[in-house]
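Student: protein_35.cif is the file, holding mmCIF, C-alpha atoms, pLDDT in the B column; chains and numbers go by the auth columns:
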data_work
#
loop_
_atom_site.group_PDB
_atom_site.id
_atom_site.type_symbol
_atom_site.label_atom_id
_atom_site.label_comp_id
_atom_site.label_asym_id
_atom_site.label_seq_id
_atom_site.Cartn_x
_atom_site.Cartn_y
_atom_site.Cartn_z
_atom_site.B_iso_or_equiv
_atom_site.auth_seq_id
_atom_site.auth_asym_id
ATOM 1 C CA MET A 1 104.363 201.573 132.559 76.00 1 A
ATOM 2 C CA THR A 2 107.813 200.740 131.155 90.00 2 A
ATOM 3 C CA PRO A 3 109.517 198.072 133.316 96.00 3 A
ATOM 4 C CA PRO A 4 113.261 198.043 134.093 97.00 4 A
ATOM 5 C CA ILE A 5 115.269 197.685 130.871 98.00 5 A
ATOM 6 C CA PHE A 6 118.419 195.551 130.610 98.00 6 A
ATOM 7 C CA VAL A 7 120.602 195.579 127.507 98.00 7 A
ATOM 8 C CA ILE A 8 122.791 192.479 127.129 97.00 8 A
ATOM 9 C CA SER A 9 126.109 193.612 125.669 96.00 9 A
ATOM 10 C CA LEU A 10 129.739 192.521 125.687 95.00 10 A
ATOM 11 C CA ALA A 11 131.829 194.968 127.689 94.00 11 A
ATOM 12 C CA ARG A 12 134.291 195.264 124.769 94.00 12 A
ATOM 13 C CA GLU A 13 131.600 196.296 122.247 94.00 13 A
ATOM 14 C CA VAL A 14 131.932 200.069 122.722 95.00 14 A
ATOM 15 C CA GLU A 15 130.371 200.968 119.372 94.00 15 A
ATOM 16 C CA ARG A 16 127.309 198.805 119.988 95.00 16 A
ATOM 17 C CA ARG A 17 126.844 200.335 123.421 96.00 17 A
ATOM 18 C CA THR A 18 127.099 203.848 122.023 96.00 18 A
ATOM 19 C CA ARG A 19 124.395 203.037 119.485 95.00 19 A
ATOM 20 C CA MET A 20 122.138 201.610 122.191 97.00 20 A
ATOM 21 C CA VAL A 21 122.521 204.769 124.269 97.00 21 A
ATOM 22 C CA GLN A 22 121.249 206.695 121.249 96.00 22 A
ATOM 23 C CA GLU A 23 118.505 204.155 120.528 96.00 23 A
ATOM 24 C CA LEU A 24 117.179 204.260 124.082 97.00 24 A
ATOM 25 C CA ALA A 25 117.401 208.017 124.561 95.00 25 A
ATOM 26 C CA GLY A 26 114.602 208.977 126.910 92.00 26 A
ATOM 27 C CA PHE A 27 114.499 205.559 128.609 96.00 27 A
ATOM 28 C CA ASP A 28 116.196 204.523 131.831 96.00 28 A
ATOM 29 C CA PHE A 29 118.154 201.333 131.206 97.00 29 A
ATOM 30 C CA GLU A 30 121.157 199.344 132.375 97.00 30 A
ATOM 31 C CA PHE A 31 123.826 197.461 130.436 98.00 31 A
ATOM 32 C CA PHE A 32 124.181 193.862 131.547 98.00 32 A
ATOM 33 C CA ASP A 33 127.681 192.581 130.763 97.00 33 A
ATOM 34 C CA ALA A 34 127.360 189.556 128.498 96.00 34 A
ATOM 35 C CA VAL A 35 129.436 186.413 128.893 95.00 35 A
ATOM 36 C CA ASP A 36 132.144 186.491 126.221 93.00 36 A
ATOM 37 C CA GLY A 37 132.219 183.204 124.314 88.00 37 A
ATOM 38 C CA ARG A 38 135.741 183.939 123.051 86.00 38 A
ATOM 39 C CA THR A 39 137.217 183.858 126.536 90.00 39 A
ATOM 40 C CA LEU A 40 134.765 181.444 128.157 88.00 40 A
ATOM 41 C CA ASP A 41 136.271 178.697 130.281 88.00 41 A
ATOM 42 C CA THR A 42 134.006 175.854 129.201 81.00 42 A
ATOM 43 C CA ALA A 43 135.417 173.594 131.910 85.00 43 A
ATOM 44 C CA GLN A 44 133.694 175.848 134.427 90.00 44 A
ATOM 45 C CA TYR A 45 130.329 174.841 132.948 89.00 45 A
ATOM 46 C CA ALA A 46 131.114 171.218 132.083 88.00 46 A
ATOM 47 C CA HIS A 47 128.661 169.977 134.728 90.00 47 A
ATOM 48 C CA ARG A 48 125.855 171.864 132.937 91.00 48 A
ATOM 49 C CA MET A 49 126.693 170.966 129.336 88.00 49 A
ATOM 50 C CA ASP A 50 124.315 168.537 127.659 85.00 50 A
ATOM 51 C CA ALA A 51 124.712 169.440 123.998 79.00 51 A
ATOM 52 C CA GLU A 52 124.783 165.900 122.552 80.00 52 A
ATOM 53 C CA TRP A 53 121.057 166.131 121.832 77.00 53 A
ATOM 54 C CA PHE A 54 121.608 169.313 119.780 80.00 54 A
ATOM 55 C CA ARG A 55 124.481 167.726 117.865 82.00 55 A
ATOM 56 C CA ILE A 56 122.264 164.832 116.869 80.00 56 A
ATOM 57 C CA MET A 57 119.307 167.066 116.038 77.00 57 A
ATOM 58 C CA ARG A 58 121.200 169.731 114.064 77.00 58 A
ATOM 59 C CA GLY A 59 124.460 168.067 113.099 80.00 59 A
ATOM 60 C CA ARG A 60 126.739 170.634 114.719 80.00 60 A
ATOM 61 C CA GLU A 61 128.187 171.696 118.040 81.00 61 A
ATOM 62 C CA LEU A 62 127.103 174.745 119.975 85.00 62 A
ATOM 63 C CA ALA A 63 129.297 177.718 119.092 84.00 63 A
ATOM 64 C CA PRO A 64 131.229 179.392 121.941 86.00 64 A
ATOM 65 C CA GLY A 65 129.233 182.553 121.238 88.00 65 A
ATOM 66 C CA GLU A 66 125.974 180.628 121.602 89.00 66 A
ATOM 67 C CA ILE A 67 127.068 179.323 124.982 91.00 67 A
ATOM 68 C CA GLY A 68 128.013 182.860 126.025 93.00 68 A
ATOM 69 C CA CYS A 69 124.626 184.150 124.823 93.00 69 A
ATOM 70 C CA PHE A 70 122.863 181.375 126.753 93.00 70 A
ATOM 71 C CA LEU A 71 124.678 182.249 129.966 95.00 71 A
ATOM 72 C CA SER A 72 124.054 185.958 129.445 96.00 72 A
ATOM 73 C CA HIS A 73 120.276 185.624 129.271 96.00 73 A
ATOM 74 C CA TYR A 74 120.385 183.138 132.132 96.00 74 A
ATOM 75 C CA GLY A 75 122.356 185.692 134.131 97.00 75 A
ATOM 76 C CA VAL A 76 119.708 188.372 133.598 97.00 76 A
ATOM 77 C CA TRP A 77 117.028 185.978 134.852 97.00 77 A
ATOM 78 C CA GLU A 78 119.148 185.281 137.924 98.00 78 A
ATOM 79 C CA ARG A 79 119.376 189.023 138.481 98.00 79 A
ATOM 80 C CA LEU A 80 115.593 189.419 138.290 98.00 80 A
ATOM 81 C CA VAL A 81 114.977 186.572 140.710 98.00 81 A
ATOM 82 C CA GLY A 82 117.717 187.718 143.081 98.00 82 A
ATOM 83 C CA THR A 83 116.286 191.232 143.280 97.00 83 A
ATOM 84 C CA GLY A 84 112.626 190.233 143.117 97.00 84 A
ATOM 85 C CA THR A 85 112.041 192.417 140.047 97.00 85 A
ATOM 86 C CA ARG A 86 108.427 191.813 139.014 97.00 86 A
ATOM 87 C CA SER A 87 109.009 192.230 135.282 98.00 87 A
ATOM 88 C CA ALA A 88 111.697 193.448 132.895 98.00 88 A
ATOM 89 C CA LEU A 89 112.361 194.367 129.289 98.00 89 A
ATOM 90 C CA ILE A 90 115.443 192.609 127.915 97.00 90 A
ATOM 91 C CA LEU A 91 117.194 193.708 124.725 97.00 91 A
ATOM 92 C CA GLU A 92 120.333 192.564 122.948 95.00 92 A
ATOM 93 C CA ASP A 93 122.685 195.298 121.775 95.00 93 A
ATOM 94 C CA ASP A 94 121.798 194.968 118.094 93.00 94 A
ATOM 95 C CA ALA A 95 118.133 195.807 118.737 95.00 95 A
ATOM 96 C CA ARG A 96 116.492 198.775 117.071 95.00 96 A
ATOM 97 C CA LEU A 97 113.132 200.167 118.142 96.00 97 A
ATOM 98 C CA GLU A 98 110.192 200.644 115.787 94.00 98 A
ATOM 99 C CA ASP A 99 107.705 203.505 115.952 92.00 99 A
ATOM 100 C CA GLY A 100 105.145 202.957 118.685 92.00 100 A
ATOM 101 C CA PHE A 101 107.531 200.943 120.851 95.00 101 A
ATOM 102 C CA ALA A 102 106.814 202.742 124.133 95.00 102 A
ATOM 103 C CA ALA A 103 103.045 202.720 123.635 94.00 103 A
ATOM 104 C CA VAL A 104 102.954 198.981 122.894 95.00 104 A
ATOM 105 C CA ILE A 105 105.126 198.174 125.918 96.00 105 A
ATOM 106 C CA GLY A 106 102.766 200.228 128.055 96.00 106 A
ATOM 107 C CA GLU A 107 99.705 198.381 126.717 96.00 107 A
ATOM 108 C CA ALA A 108 101.369 194.997 127.249 96.00 108 A
ATOM 109 C CA MET A 109 102.224 195.911 130.834 97.00 109 A
ATOM 110 C CA LYS A 110 98.582 196.738 131.545 96.00 110 A
ATOM 111 C CA ILE A 111 97.716 193.081 130.902 96.00 111 A
ATOM 112 C CA ALA A 112 100.882 191.574 132.408 96.00 112 A
ATOM 113 C CA ALA A 113 98.834 188.995 134.303 95.00 113 A
ATOM 114 C CA GLU A 114 97.914 187.397 130.963 95.00 114 A
ATOM 115 C CA TRP A 115 101.439 186.535 129.779 96.00 115 A
ATOM 116 C CA ASP A 116 104.787 185.146 130.982 96.00 116 A
ATOM 117 C CA VAL A 117 107.058 186.203 128.104 95.00 117 A
ATOM 118 C CA VAL A 118 106.321 188.584 125.221 95.00 118 A
ATOM 119 C CA TYR A 119 108.595 188.487 122.204 93.00 119 A
ATOM 120 C CA LEU A 120 109.002 191.906 120.556 94.00 120 A
ATOM 121 C CA ALA A 121 111.159 191.453 117.448 90.00 121 A
ATOM 122 C CA ARG A 122 110.543 190.490 113.851 78.00 122 A
ATOM 123 C CA MET A 123 111.767 187.194 112.430 72.00 123 A
ATOM 124 C CA LYS A 124 113.133 186.225 109.010 65.00 124 A
ATOM 125 C CA ARG A 125 109.843 184.440 108.296 65.00 125 A
ATOM 126 C CA PRO A 126 106.371 185.679 109.288 67.00 126 A
ATOM 127 C CA LEU A 127 104.989 184.383 112.567 70.00 127 A
ATOM 128 C CA ARG A 128 102.141 181.895 112.185 75.00 128 A
ATOM 129 C CA THR A 129 99.320 182.992 114.444 79.00 129 A
ATOM 130 C CA VAL A 130 97.575 180.427 116.633 82.00 130 A
ATOM 131 C CA ARG A 131 95.250 182.949 118.246 87.00 131 A
ATOM 132 C CA THR A 132 95.006 186.603 119.168 90.00 132 A
ATOM 133 C CA VAL A 133 95.439 187.147 122.908 92.00 133 A
ATOM 134 C CA ALA A 134 94.799 190.902 123.002 94.00 134 A
ATOM 135 C CA VAL A 135 94.722 194.024 120.838 93.00 135 A
ATOM 136 C CA LEU A 136 97.493 196.390 121.962 93.00 136 A
ATOM 137 C CA ASP A 137 96.866 199.468 119.827 83.00 137 A
ATOM 138 C CA GLY A 138 95.304 200.371 116.529 78.00 138 A
ATOM 139 C CA CYS A 139 97.540 198.125 114.440 87.00 139 A
ATOM 140 C CA ARG A 140 99.317 195.662 116.764 93.00 140 A
ATOM 141 C CA ARG A 141 98.168 192.509 118.507 93.00 141 A
ATOM 142 C CA LEU A 142 99.498 190.179 121.162 94.00 142 A
ATOM 143 C CA ILE A 143 99.456 186.738 119.563 91.00 143 A
ATOM 144 C CA GLN A 144 100.314 183.144 120.281 88.00 144 A
ATOM 145 C CA CYS A 145 102.393 181.764 117.417 82.00 145 A
ATOM 146 C CA ARG A 146 103.338 178.262 116.379 75.00 146 A
ATOM 147 C CA ARG A 147 107.045 178.562 115.793 71.00 147 A
ATOM 148 C CA ARG A 148 109.918 179.595 118.029 69.00 148 A
ATOM 149 C CA THR A 149 110.965 183.197 118.138 73.00 149 A
ATOM 150 C CA GLY A 150 114.268 184.555 119.478 75.00 150 A
ATOM 151 C CA GLY A 151 116.099 186.603 122.054 81.00 151 A
ATOM 152 C CA ILE A 152 116.787 190.056 120.632 91.00 152 A
ATOM 153 C CA GLY A 153 113.999 191.715 122.611 95.00 153 A
ATOM 154 C CA TYR A 154 111.353 190.460 125.042 96.00 154 A
ATOM 155 C CA LEU A 155 109.335 191.206 128.147 97.00 155 A
ATOM 156 C CA ILE A 156 109.522 188.687 130.974 97.00 156 A
ATOM 157 C CA ARG A 157 107.776 188.345 134.312 98.00 157 A
ATOM 158 C CA LEU A 158 109.450 187.241 137.540 98.00 158 A
ATOM 159 C CA GLU A 159 107.530 183.968 137.668 97.00 159 A
ATOM 160 C CA ALA A 160 108.743 183.071 134.170 96.00 160 A
ATOM 161 C CA ALA A 161 112.344 183.892 135.073 97.00 161 A
ATOM 162 C CA GLU A 162 112.085 181.600 138.096 97.00 162 A
ATOM 163 C CA ALA A 163 110.706 178.767 135.954 95.00 163 A
ATOM 164 C CA LEU A 164 113.355 179.242 133.256 94.00 164 A
ATOM 165 C CA LEU A 165 116.205 179.086 135.756 95.00 165 A
ATOM 166 C CA HIS A 166 115.173 175.487 136.350 94.00 166 A
ATOM 167 C CA TYR A 167 114.126 174.598 132.816 92.00 167 A
ATOM 168 C CA CYS A 168 117.251 176.073 131.190 92.00 168 A
ATOM 169 C CA TRP A 169 119.824 175.029 133.775 93.00 169 A
ATOM 170 C CA ARG A 170 121.352 172.462 131.435 91.00 170 A
ATOM 171 C CA ILE A 171 123.022 174.017 128.407 91.00 171 A
ATOM 172 C CA ARG A 172 121.461 171.941 125.641 87.00 172 A
ATOM 173 C CA THR A 173 120.688 174.307 122.751 86.00 173 A
ATOM 174 C CA PRO A 174 120.804 177.997 121.816 88.00 174 A
ATOM 175 C CA ILE A 175 118.808 179.854 124.462 88.00 175 A
ATOM 176 C CA ASP A 176 115.877 180.778 122.212 85.00 176 A
ATOM 177 C CA TYR A 177 115.150 177.100 121.492 80.00 177 A
ATOM 178 C CA LEU A 178 114.325 176.642 125.166 81.00 178 A
ATOM 179 C CA TYR A 179 112.657 179.759 126.477 82.00 179 A
ATOM 180 C CA THR A 180 110.363 180.398 123.475 80.00 180 A
ATOM 181 C CA GLY A 181 109.167 176.789 123.072 79.00 181 A
ATOM 182 C CA TRP A 182 105.912 177.364 124.964 77.00 182 A
ATOM 183 C CA TRP A 183 104.507 173.966 123.952 77.00 183 A
ATOM 184 C CA ASP A 184 107.403 172.339 125.804 81.00 184 A
ATOM 185 C CA ASN A 185 108.212 174.633 128.750 85.00 185 A
ATOM 186 C CA GLY A 186 104.593 175.356 129.684 86.00 186 A
ATOM 187 C CA LEU A 187 104.950 179.148 129.732 90.00 187 A
ATOM 188 C CA ARG A 188 102.609 181.634 128.081 92.00 188 A
ATOM 189 C CA VAL A 189 105.051 182.891 125.438 91.00 189 A
ATOM 190 C CA TYR A 190 103.395 185.387 123.110 93.00 190 A
ATOM 191 C CA ALA A 191 104.600 187.826 120.448 92.00 191 A
ATOM 192 C CA VAL A 192 103.780 191.357 119.327 94.00 192 A
ATOM 193 C CA ASP A 193 102.575 191.441 115.726 91.00 193 A
ATOM 194 C CA PRO A 194 103.659 193.517 113.859 91.00 194 A
ATOM 195 C CA PRO A 195 106.871 193.636 115.930 92.00 195 A
ATOM 196 C CA VAL A 196 108.229 196.727 117.671 95.00 196 A
ATOM 197 C CA VAL A 197 111.907 195.663 117.637 95.00 197 A
ATOM 198 C CA ARG A 198 114.143 194.770 114.690 92.00 198 A
ATOM 199 C CA HIS A 199 117.701 193.568 114.169 88.00 199 A
ATOM 200 C CA ALA A 200 120.279 196.163 113.220 86.00 200 A
ATOM 201 C CA GLU A 201 122.377 195.370 110.175 75.00 201 A
ATOM 202 C CA MET A 202 125.472 194.465 112.187 69.00 202 A
ATOM 203 C CA PRO A 203 127.850 191.485 112.130 63.00 203 A
ATOM 204 C CA SER A 204 126.936 188.797 114.625 65.00 204 A
ATOM 205 C CA THR A 205 129.040 188.399 117.770 65.00 205 A
ATOM 206 C CA ILE A 206 127.680 184.850 118.163 60.00 206 A
ATOM 207 C CA MET A 207 128.598 183.392 114.759 55.00 207 A
ATOM 208 C CA THR A 208 132.329 183.457 115.385 52.00 208 A
ATOM 209 C CA TRP A 209 133.483 180.818 112.915 53.00 209 A
ATOM 210 C CA LYS A 210 135.074 181.845 109.644 52.00 210 A
ATOM 211 C CA GLY A 211 132.500 182.864 107.074 54.00 211 A
ATOM 212 C CA GLY A 212 129.776 183.021 109.699 57.00 212 A
ATOM 213 C CA LYS A 213 128.844 179.367 109.151 62.00 213 A
ATOM 214 C CA TRP A 214 128.956 176.557 111.673 64.00 214 A
ATOM 215 C CA PRO A 215 130.945 173.496 110.590 63.00 215 A
ATOM 216 C CA LYS A 216 128.708 170.475 110.078 69.00 216 A
ATOM 217 C CA LEU A 217 129.581 167.244 111.830 68.00 217 A
ATOM 218 C CA LYS A 218 129.248 163.773 110.425 74.00 218 A
ATOM 219 C CA ARG A 219 126.284 161.874 111.777 76.00 219 A
ATOM 220 C CA THR A 220 125.407 158.227 111.521 81.00 220 A
ATOM 221 C CA ALA A 221 122.261 157.175 109.676 84.00 221 A
ATOM 222 C CA LEU A 222 120.669 156.415 113.049 81.00 222 A
ATOM 223 C CA GLU A 223 121.513 159.901 114.336 78.00 223 A
ATOM 224 C CA HIS A 224 120.077 161.498 111.194 78.00 224 A
ATOM 225 C CA ALA A 225 116.875 159.549 111.708 82.00 225 A
ATOM 226 C CA ALA A 226 116.726 160.460 115.403 79.00 226 A
ATOM 227 C CA GLY A 227 117.190 164.156 114.592 77.00 227 A
ATOM 228 C CA TYR A 228 114.489 164.070 111.932 78.00 228 A
ATOM 229 C CA LEU A 229 112.022 162.265 114.200 79.00 229 A
ATOM 230 C CA HIS A 230 112.667 164.710 117.036 74.00 230 A
ATOM 231 C CA ARG A 231 112.036 167.737 114.807 73.00 231 A
ATOM 232 C CA ARG A 232 108.811 166.154 113.537 79.00 232 A
ATOM 233 C CA ALA A 233 107.682 165.334 117.074 77.00 233 A
ATOM 234 C CA ASP A 234 108.448 168.876 118.184 75.00 234 A
ATOM 235 C CA LYS A 235 106.376 170.302 115.335 74.00 235 A
ATOM 236 C CA LEU A 236 103.477 167.941 116.018 76.00 236 A
ATOM 237 C CA LEU A 237 103.554 168.819 119.725 75.00 237 A
ATOM 238 C CA SER A 238 103.369 172.523 118.919 73.00 238 A
ATOM 239 C CA LEU A 239 100.397 171.877 116.611 73.00 239 A
ATOM 240 C CA ALA A 240 98.599 169.710 119.157 75.00 240 A
ATOM 241 C CA ARG A 241 99.020 172.179 121.999 69.00 241 A
ATOM 242 C CA ALA A 242 98.044 175.073 119.760 68.00 242 A
ATOM 243 C CA LYS A 243 94.740 173.340 118.955 67.00 243 A
ATOM 244 C CA SER A 244 94.050 172.682 122.630 70.00 244 A
ATOM 245 C CA SER A 245 94.899 176.233 123.797 66.00 245 A
#
Is it possible to give me this structure as structure tokens?

Tutor:
Amino acid sequence: MTPPIFVISLAREVERRTRMVQELAGFDFEFFDAVDGRTLDTAQYAHRMDAEWFRIMRGRELAPGEIGCFLSHYGVWERLVGTGTRSALILEDDARLEDGFAAVIGEAMKIAAEWDVVYLARMKRPLRTVRTVAVLDGCRRLIQCRRRTGGIGYLIRLEAAEALLHYCWRIRTPIDYLYTGWWDNGLRVYAVDPPVVRHAEMPSTIMTWKGGKWPKLKRTALEHAAGYLHRRADKLLSLARAKSS
């Protein structure tokens, strides 16, 4: 019941790839070469860039690594649509599997008609459950949660990949802001709780600025207010749609 597995990884990250080979021993999988933000020709994607909204909302520019990460996930979705792959398991190369991973994936695949995207990894803060969609095994559930998740590990169906190719065509934010915002993109984005994937303790290849911190940009008072109001509206929309689901 395990779908095709794609591991997004920079071709130059030999050590990360070696660790993923060990992590996925016993599984068939394929490395998908990530777009390298360090060498990215941004002019090539100028017609797709629309990051002004993110600058106003968060007070910073998108990092080159974030743009590369965005294009990498987008590229996997293109691959799925181009080959007609019905579903896939997508991991980043700093993913580590928890006990029970294979069994939970198998249970989720049995009810694939009930979801579009299933997020598999743990977050820094606990997920806030809206409702339980299904019980996967003795201790894990498939849940709908209020807040955004991330991109380190997820299941995705072909229909969701097709929808996201349109919804995420413009490069506006980090990729996880778009594809996991179910209250905005209309997809059934759920999460496994407790998670079956975790982050490895490895330096980020996305946070490429010195010290691992993004430089803040000066914003006008009007831009600060616009960013605050947008974040509040986004939160209220997630609450409203959670109550109606």

Student: Starting from the displayed file, determine the output of the PyMOL selection byres ((chain A and resi 222-233) around 10) and express the residue list as an mmCIF file with C-alpha atoms, keeping the file's coordinate frame.

Tutor:
data_model
loop_
_atom_site.group_PDB
_atom_site.id
_atom_site.type_symbol
_atom_site.label_atom_id
_atom_site.label_comp_id
_atom_site.auth_asym_id
_atom_site.auth_seq_id
_atom_site.Cartn_x
_atom_site.Cartn_y
_atom_site.Cartn_z
ATOM 1 C CA TRP A 53 121.057 166.131 121.832
ATOM 2 C CA PHE A 54 121.608 169.313 119.780
ATOM 3 C CA ARG A 55 124.481 167.726 117.865
ATOM 4 C CA ILE A 56 122.264 164.832 116.869
ATOM 5 C CA MET A 57 119.307 167.066 116.038
ATOM 6 C CA ARG A 58 121.200 169.731 114.064
ATOM 7 C CA GLY A 59 124.460 168.067 113.099
ATOM 8 C CA LYS A 218 129.248 163.773 110.425
ATOM 9 C CA ARG A 219 126.284 161.874 111.777
ATOM 10 C CA THR A 220 125.407 158.227 111.521
ATOM 11 C CA ALA A 221 122.261 157.175 109.676
ATOM 12 C CA ASP A 234 108.448 168.876 118.184
ATOM 13 C CA LYS A 235 106.376 170.302 115.335
ATOM 14 C CA LEU A 236 103.477 167.941 116.018
ATOM 15 C CA LEU A 237 103.554 168.819 119.725
ATOM 16 C CA SER A 238 103.369 172.523 118.919
ATOM 17 C CA LEU A 239 100.397 171.877 116.611
#

Student: Evaluated on this file, the PyMOL selection byres ((chain A and resi 79) around 12) picks out some residues - which ones are they, written as number ranges by chain?

Tutor: A: 4, 6, 32-33, 72-78, 80-88, 90, 158, 161-162, 165

Student: For the PyMOL selection byres ((chain A and resi 7-19) around 12), applied here, can you spell out every residue it catches as a PyMOL selection string?

Tutor: chain A and resi 4-6+20-25+27-39+65+68-77+88-97+151-154+200-206

Student: Store the residues picked out above, limited to C-alpha atoms, as a compact mmCIF listing (two decimals), in the frame of the given file.

Tutor:
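See result.txt below for the written result:
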# COMPACT_ATOMS: atom_id res chain seq x y z
CA PRO A 4 113.26 198.04 134.09
CA ILE A 5 115.27 197.68 130.87
CA PHE A 6 118.42 195.55 130.61
CA MET A 20 122.14 201.61 122.19
CA VAL A 21 122.52 204.77 124.27
CA GLN A 22 121.25 206.70 121.25
CA GLU A 23 118.50 204.16 120.53
CA LEU A 24 117.18 204.26 124.08
CA ALA A 25 117.40 208.02 124.56
CA PHE A 27 114.50 205.56 128.61
CA ASP A 28 116.20 204.52 131.83
CA PHE A 29 118.15 201.33 131.21
CA GLU A 30 121.16 199.34 132.38
CA PHE A 31 123.83 197.46 130.44
CA PHE A 32 124.18 193.86 131.55
CA ASP A 33 127.68 192.58 130.76
CA ALA A 34 127.36 189.56 128.50
CA VAL A 35 129.44 186.41 128.89
CA ASP A 36 132.14 186.49 126.22
CA GLY A 37 132.22 183.20 124.31
CA ARG A 38 135.74 183.94 123.05
CA THR A 39 137.22 183.86 126.54
CA GLY A 65 129.23 182.55 121.24
CA GLY A 68 128.01 182.86 126.02
CA CYS A 69 124.63 184.15 124.82
CA PHE A 70 122.86 181.38 126.75
CA LEU A 71 124.68 182.25 129.97
CA SER A 72 124.05 185.96 129.44
CA HIS A 73 120.28 185.62 129.27
CA TYR A 74 120.38 183.14 132.13
CA GLY A 75 122.36 185.69 134.13
CA VAL A 76 119.71 188.37 133.60
CA TRP A 77 117.03 185.98 134.85
CA ALA A 88 111.70 193.45 132.90
CA LEU A 89 112.36 194.37 129.29
CA ILE A 90 115.44 192.61 127.92
CA LEU A 91 117.19 193.71 124.72
CA GLU A 92 120.33 192.56 122.95
CA ASP A 93 122.68 195.30 121.78
CA ASP A 94 121.80 194.97 118.09
CA ALA A 95 118.13 195.81 118.74
CA ARG A 96 116.49 198.78 117.07
CA LEU A 97 113.13 200.17 118.14
CA GLY A 151 116.10 186.60 122.05
CA ILE A 152 116.79 190.06 120.63
CA GLY A 153 114.00 191.72 122.61
CA TYR A 154 111.35 190.46 125.04
CA ALA A 200 120.28 196.16 113.22
CA GLU A 201 122.38 195.37 110.18
CA MET A 202 125.47 194.46 112.19
CA PRO A 203 127.85 191.48 112.13
CA SER A 204 126.94 188.80 114.62
CA THR A 205 129.04 188.40 117.77
CA ILE A 206 127.68 184.85 118.16

Student: Determine, for each residue of segment 88-119 of chain A having at least one atom at most 12 Å from an atom of segment 189-192 of chain A, the closest pair of atoms and their separation in Å to one decimal, counting all atoms listed in the file; order by chain and ascending number, as a Markdown table.

Tutor:
| residue | atom | partner | partner_atom | distance |
| --- | --- | --- | --- | --- |
| A:Glu98 | CA | A:Val192 | CA | 11.8 |
| A:Gly100 | CA | A:Val192 | CA | 11.7 |
| A:Phe101 | CA | A:Val192 | CA | 10.4 |
| A:Val104 | CA | A:Val192 | CA | 8.5 |
| A:Ile105 | CA | A:Val192 | CA | 9.6 |
| A:Glu107 | CA | A:Val192 | CA | 11.0 |
| A:Ala108 | CA | A:Val192 | CA | 9.0 |
| A:Ala112 | CA | A:Tyr190 | CA | 11.4 |
| A:Glu114 | CA | A:Tyr190 | CA | 9.8 |
| A:Trp115 | CA | A:Val189 | CA | 6.7 |
| A:Asp116 | CA | A:Val189 | CA | 6.0 |
| A:Val117 | CA | A:Val189 | CA | 4.7 |
| A:Val118 | CA | A:Tyr190 | CA | 4.8 |
| A:Tyr119 | CA | A:Ala191 | CA | 4.4 |

Student: Atom CA of His166 of chain A and atom CA of Met1 of chain A, how far apart in Å?

Tutor: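 That distance, rounded to one decimal, is 28.5 Å.
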
Student: Name the closest residue to Pro174 of chain A among the candidates A:Ile111, A:Cys139, A:Ala46, A:Thr149; distances are taken between atoms, counting all atoms listed in the file.

Tutor: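 That would be A:Thr149, the residue with the smallest distance to Pro174 of chain A.
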
Student: How about completing segment 129-137 of chain A with N, CA, C and O atoms and giving it to me as a JSON list (two decimals), in the frame of the given file?

Tutor:
[["chain", "number", "residue", "atom", "x", "y", "z"],
["A", 129, "THR", "N", 100.19, 182.72, 113.30],
["A", 129, "THR", "CA", 99.32, 182.99, 114.44],
["A", 129, "THR", "C", 98.47, 181.78, 114.81],
["A", 129, "THR", "O", 97.84, 181.17, 113.95],
["A", 130, "VAL", "N", 98.48, 181.44, 116.09],
["A", 130, "VAL", "CA", 97.58, 180.43, 116.63],
["A", 130, "VAL", "C", 96.28, 181.10, 117.07],
["A", 130, "VAL", "O", 95.19, 180.65, 116.75],
["A", 131, "ARG", "N", 96.42, 182.19, 117.81],
["A", 131, "ARG", "CA", 95.25, 182.95, 118.25],
["A", 131, "ARG", "C", 95.68, 184.34, 118.66],
["A", 131, "ARG", "O", 96.86, 184.58, 118.98],
["A", 132, "THR", "N", 94.76, 185.27, 118.67],
["A", 132, "THR", "CA", 95.01, 186.60, 119.17],
["A", 132, "THR", "C", 94.67, 186.64, 120.64],
["A", 132, "THR", "O", 93.57, 186.27, 121.05],
["A", 133, "VAL", "N", 95.62, 187.08, 121.46],
["A", 133, "VAL", "CA", 95.44, 187.15, 122.91],
["A", 133, "VAL", "C", 94.82, 188.48, 123.30],
["A", 133, "VAL", "O", 93.93, 188.55, 124.14],
["A", 134, "ALA", "N", 95.31, 189.57, 122.68],
["A", 134, "ALA", "CA", 94.80, 190.90, 123.00],
["A", 134, "ALA", "C", 95.16, 191.86, 121.87],
["A", 134, "ALA", "O", 96.10, 191.62, 121.10],
["A", 135, "VAL", "N", 94.41, 192.94, 121.75],
["A", 135, "VAL", "CA", 94.72, 194.02, 120.84],
["A", 135, "VAL", "C", 95.45, 195.10, 121.64],
["A", 135, "VAL", "O", 94.95, 195.56, 122.67],
["A", 136, "LEU", "N", 96.65, 195.48, 121.19],
["A", 136, "LEU", "CA", 97.49, 196.39, 121.96],
["A", 136, "LEU", "C", 97.30, 197.84, 121.57],
["A", 136, "LEU", "O", 97.36, 198.73, 122.39],
["A", 137, "ASP", "N", 97.15, 198.11, 120.29],
["A", 137, "ASP", "CA", 96.87, 199.47, 119.83],
["A", 137, "ASP", "C", 96.12, 199.35, 118.51],
["A", 137, "ASP", "O", 95.60, 198.27, 118.19]]
